[in-house]
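A.B. asks: Would you mind keeping the following structure in view while I ask a few things?
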Amino acid sequence: MTQTFSTQSAPLAQPTASDRAARRKAMAGLVRVEAARLTRHPGTVLTLLILGLVLYAITDARTARFPVLQDADQLSQLPVALLFGGAALIQSNLAVLRPDRHGTADALDVLVLPTRWRTAAHLLALLPLGVFAALFVACHIAYLSARPGAVGSVNPYELATGPVLVLLFGAVGVLLGRLVRSLVAGPLLMVVLAAIMLVTVVLVPPGTSEPNWFLPFAPASGGDPLYGTASVPVDLMTRPAGRHLVYLLGLLALITTAALWRGGPLRQAPGGKSNRSDTGRRRRGLIVAAAAGLVVTVGAGTAQALPPSPSIVAARISATDRPAAQQHCRRMGNVTYCAFAGFEPWVNDWNEVVSGVLRRVPSAVAGRPLAVRQRVVAPYGSPQNRGGGVVSQAPLDEWRADDRAAGTPNAITVGTWWGDGWSETGLAGRVAYASMTGAGPGVSGELCQSRGVLVGWLAAQATPDTRAGLHTMVEGSGAGVAFTEAGFGSGLYLPERELTMVWSLLDQPADVVGKRVLQHWDELSARATTIEQAAEILGVPAPPAQPSEGEQQCL
Amino acid sequence: MPLTARIALALLRPTIRATHWGPLSATTAVGLAIVAVPAAFSDRLEPGTLVTLLRLAAACGALGAAFLLDDPAAPTTMTTATPRLLRHLVRAAVVLPVLATAASIAFAIASAVHGPGAPLPLEDLSIEAATLYAAALALAAARLRTTGDGVAGPFAAAVLLLAIAVTILLPARITLFPPPHDTRWNQAHDQWTAILGVAALGYLWASLERIPQFLRRPRRDHVGRSTRDV
């Protein structure tokens, strides 16, 4: 009896060529069915809808109007990985476990398709999900690239990371189904992955620690001047995006091989010699694939943790200290605008703000040559890509020397961000202050009395955006506002009393106030003129004096 | 003693034996690890981080709870005289102390690593955890109404995860997961309490026996047998 009913479910004979053709056909059919089930599952459809909402929500107003594409291309990675990748993991896990759930696992052994081929079919069925993810990412970045304010360029490796993560997570779901029969393992692994992501990316304040590239998730480089991180020009980026993608592909190869290895008995069939050699060949194939995957994973994993090349570090230092050499300048009227490569489209937007300020100052003042230069603090070792969290000191002396050498002395700073309100109003405020004093970069202090009111009004009335920006700044900072210099330095501080008067001036018709400003420019812009005198000249009530803490040190 | 109470008592031991404790043990262990591992590797965790970790641990526990109503014997118990509501109440009475213990252990770990200062808002966090557990059980019970094979865990777990994902993504104005000391904290926890009530009522409603369509209107198949006999 025991000889007749062997408990081993080994293939009884070497498959013939026609068997293999039949298997291939059957596998193709299974791939089609499983792919359709995965993509048409209500969970997948719902996740896609939610993903769309999430992408809409994380693409804030600034990114939607003035996207820096080398940062925006990473925006979709985390949501795509967590939501769509999570759906792929759970669904592929459930699909692999379907025979176990429905008690049909034993019945499948009599079918034409061995377990390993079915595992392969489950893995191939993930491809449409990857395509969907790629379409989503492509639509998102295509929309951003088409914005008139888009600058910089897209890194295809960053774009490919999201879809590859979806495939990776789906393959993990297949492997998990072959390792553990429990249905809770898939959802549980997703919560664990979310926990790892929260602890390593979300709960970590930006710029306080080096991203860990060995995890599938890395924080986006997206600069945020408020946090002391800034977007940098494309050729200064140090993200190992390509190596990270290769690392993820290596992991995908490893996990796929592991799933196939677990996906069927590699026991030798009690058949002839040819059968044994066939099993051995398949085993060798898997071993070779696993070894190749391991080499790629370890190689790319090590490479992505290497420090950036010395030439990039040198370029970053030089861009920080002596930006003029890496910039193109454009003259509009008597204002020279210098921007890093890729940021040129913003010159028109800068010019709009600058001319909005200059049309309200006397023509003798507005006619003086003025320069606006884009600056970034990005040496290797800054919070952009290194721990510390402390914004390095702006190299003011180098900047002044660089400006003089480039023939644009005392150039006003503009950052690598635009469209958030702070940037526009900050630039307008610094232009207004420079028109009175001729000051260059690095001025910080309190803008008070008449001069403060004048700077605040000139800045706020320049464009509708700067006026909205002043509102944003007040919401963000409370009493007074600071025209910071692209995120570094303390900037020009406008105290609450002066700000109150700026609001009452903004309620008056701009042309009426502008006329009085032109008539009394010398008095209003003088350092000694008090806020009461300014109120009398401009015909608005002076805000009540506040109990001051010590003597004001006005600029 | 009324008959129902006696049946419930008699059901206790078989229910304990029939409950799938495996998923709950796994998820509880992982949930505790989510709190304990960062606590072990970091000298001091911010209250905000601790609260997030406790919420993740509660989500893990709720995933396990989603599988607690799974019952491969459902096709047979469907025909017993004991109503499903009673069986589910006994099931809840059996699993709730275990869930409460798991949450308490997580809270104890978090309190141990929490530095001096304002204590963690554990009462409110326990309402959140209870709501997640109740929602998982309610979802599983609702699934059992429509399926005959007694497997509700995967559905309940997936819906729960999606619901949590959507809740996390709510804008800060209406978020249900505010950071501690947020102005929305108290309001959010009033809402959590309301959701807890809804989930508990939902569990009770979903546990009411639903007589399947084919039992309500007996039809004859082609042999002339009633489908009831099958």
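Chain labels run A, B, ... following the order of the structure tokens; each chain numbers its residues from 1, and ligands are numbered from 1 in the order shown.
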What residues in chain B have any atom no more than 7 Å from chain A when counting only C-alpha atoms, and can you write them as a ChimeraX atom specification?

C.D. replies: /B:23,27,49,56,60,154,157

A.B. asks: Write a file of the selected residues as a JSON list (two decimals), in the first residue's frame, keeping N, CA and C atoms.

C.D. replies:
[["chain", "number", "residue", "atom", "x", "y", "z"],
["B", 23, "PRO", "N", -3.34, 35.04, 15.29],
["B", 23, "PRO", "CA", -3.14, 36.38, 14.73],
["B", 23, "PRO", "C", -3.03, 37.45, 15.82],
["B", 27, "THR", "N", 0.10, 39.95, 16.28],
["B", 27, "THR", "CA", -0.01, 41.40, 16.13],
["B", 27, "THR", "C", 0.31, 42.10, 17.44],
["B", 49, "THR", "N", 6.33, 61.44, 19.56],
["B", 49, "THR", "CA", 6.76, 60.17, 18.98],
["B", 49, "THR", "C", 6.14, 59.00, 19.74],
["B", 56, "LEU", "N", 0.33, 53.26, 16.65],
["B", 56, "LEU", "CA", 0.68, 52.17, 15.75],
["B", 56, "LEU", "C", 0.46, 50.83, 16.44],
["B", 60, "CYS", "N", -1.93, 47.75, 15.31],
["B", 60, "CYS", "CA", -1.53, 46.34, 15.21],
["B", 60, "CYS", "C", -2.51, 45.46, 15.96],
["B", 154, "PRO", "N", -9.49, 38.82, 6.72],
["B", 154, "PRO", "CA", -8.82, 39.59, 5.68],
["B", 154, "PRO", "C", -9.61, 40.83, 5.27],
["B", 157, "ALA", "N", -9.50, 43.39, 8.16],
["B", 157, "ALA", "CA", -8.17, 43.98, 8.32],
["B", 157, "ALA", "C", -7.89, 44.98, 7.19]]

A.B. asks: Excluding same-chain residues fewer than 5 positions from Leu89 in chain B, what lies within 9 Å of it counting only C-alpha atoms, as a list of chain:residue names?

C.D. replies: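 Close residues of Leu89 in chain B: B:Ala8, B:Arg84, B:Val94, B:Leu204, B:Ser207.
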
A.B. asks: List every residue of chain B that DSSP, applied to the backbone, labels as helix (DSSP H, G or I), and write the result as a ChimeraX atom specification.

C.D. replies: /B:3-18,21-41,47-65,74-77,84-113,122-146,153-168,172-174,185-207,213-216,227-229

A.B. asks: Thr175 in chain B: which residues within 12 Å, counting only C-alpha atoms, same-chain residues fewer than 4 positions away excluded, as JSON, numbers by chain?

C.D. replies: {"B": [164, 165, 166, 167, 168, 169, 170, 171, 179, 182, 183, 184, 185, 186, 187, 188, 189, 191, 192]}

A.B. asks: Taking N, CA and C atoms for each residue, export the selection above as a PDB file, in the first residue's frame.

C.D. replies:
ATOM      1  N   ILE B 164      -7.813  53.600   8.378  1.00  0.00           N
ATOM      2  CA  ILE B 164      -6.776  54.291   9.167  1.00  0.00           C
ATOM      3  C   ILE B 164      -5.948  55.185   8.250  1.00  0.00           C
ATOM      4  N   ALA B 165      -5.618  54.656   7.047  1.00  0.00           N
ATOM      5  CA  ALA B 165      -4.816  55.451   6.103  1.00  0.00           C
ATOM      6  C   ALA B 165      -5.543  56.741   5.754  1.00  0.00           C
ATOM      7  N   VAL B 166      -6.845  56.629   5.476  1.00  0.00           N
ATOM      8  CA  VAL B 166      -7.604  57.832   5.131  1.00  0.00           C
ATOM      9  C   VAL B 166      -7.647  58.789   6.321  1.00  0.00           C
ATOM     10  N   THR B 167      -7.822  58.243   7.525  1.00  0.00           N
ATOM     11  CA  THR B 167      -7.904  59.094   8.715  1.00  0.00           C
ATOM     12  C   THR B 167      -6.596  59.846   8.945  1.00  0.00           C
ATOM     13  N   ILE B 168      -5.479  59.146   8.718  1.00  0.00           N
ATOM     14  CA  ILE B 168      -4.173  59.799   8.903  1.00  0.00           C
ATOM     15  C   ILE B 168      -4.030  60.974   7.947  1.00  0.00           C
ATOM     16  N   LEU B 169      -4.589  60.797   6.731  1.00  0.00           N
ATOM     17  CA  LEU B 169      -4.361  61.801   5.696  1.00  0.00           C
ATOM     18  C   LEU B 169      -5.305  62.984   5.799  1.00  0.00           C
ATOM     19  N   LEU B 170      -6.239  62.950   6.775  1.00  0.00           N
ATOM     20  CA  LEU B 170      -7.146  64.090   6.919  1.00  0.00           C
ATOM     21  C   LEU B 170      -6.342  65.352   7.208  1.00  0.00           C
ATOM     22  N   PRO B 171      -6.791  66.514   6.709  1.00  0.00           N
ATOM     23  CA  PRO B 171      -6.051  67.749   6.999  1.00  0.00           C
ATOM     24  C   PRO B 171      -6.086  68.074   8.491  1.00  0.00           C
ATOM     25  N   PRO B 179      -1.425  65.695  17.475  1.00  0.00           N
ATOM     26  CA  PRO B 179      -0.313  65.477  18.395  1.00  0.00           C
ATOM     27  C   PRO B 179      -0.726  65.913  19.807  1.00  0.00           C
ATOM     28  N   ASP B 182      -2.189  69.472  21.323  1.00  0.00           N
ATOM     29  CA  ASP B 182      -2.770  70.198  20.204  1.00  0.00           C
ATOM     30  C   ASP B 182      -4.112  70.772  20.653  1.00  0.00           C
ATOM     31  N   THR B 183      -4.499  71.893  20.018  1.00  0.00           N
ATOM     32  CA  THR B 183      -5.771  72.509  20.420  1.00  0.00           C
ATOM     33  C   THR B 183      -6.949  71.598  20.082  1.00  0.00           C
ATOM     34  N   ARG B 184      -6.737  70.710  19.115  1.00  0.00           N
ATOM     35  CA  ARG B 184      -7.840  69.855  18.687  1.00  0.00           C
ATOM     36  C   ARG B 184      -7.959  68.590  19.518  1.00  0.00           C
ATOM     37  N   TRP B 185      -7.023  68.394  20.459  1.00  0.00           N
ATOM     38  CA  TRP B 185      -6.956  67.115  21.176  1.00  0.00           C
ATOM     39  C   TRP B 185      -8.295  66.722  21.801  1.00  0.00           C
ATOM     40  N   ASN B 186      -8.894  67.650  22.592  1.00  0.00           N
ATOM     41  CA  ASN B 186     -10.118  67.289  23.322  1.00  0.00           C
ATOM     42  C   ASN B 186     -11.265  67.031  22.371  1.00  0.00           C
ATOM     43  N   GLN B 187     -11.382  67.906  21.367  1.00  0.00           N
ATOM     44  CA  GLN B 187     -12.468  67.737  20.397  1.00  0.00           C
ATOM     45  C   GLN B 187     -12.324  66.396  19.660  1.00  0.00           C
ATOM     46  N   ALA B 188     -11.075  66.091  19.261  1.00  0.00           N
ATOM     47  CA  ALA B 188     -10.847  64.834  18.545  1.00  0.00           C
ATOM     48  C   ALA B 188     -11.242  63.654  19.415  1.00  0.00           C
ATOM     49  N   HIS B 189     -10.996  63.768  20.725  1.00  0.00           N
ATOM     50  CA  HIS B 189     -11.307  62.609  21.564  1.00  0.00           C
ATOM     51  C   HIS B 189     -12.781  62.504  21.896  1.00  0.00           C
ATOM     52  N   GLN B 191     -14.813  63.053  19.498  1.00  0.00           N
ATOM     53  CA  GLN B 191     -15.211  62.348  18.279  1.00  0.00           C
ATOM     54  C   GLN B 191     -14.848  60.870  18.354  1.00  0.00           C
ATOM     55  N   TRP B 192     -13.667  60.581  18.928  1.00  0.00           N
ATOM     56  CA  TRP B 192     -13.279  59.167  19.095  1.00  0.00           C
ATOM     57  C   TRP B 192     -14.312  58.442  19.950  1.00  0.00           C
TER      58      TRP B 192
END
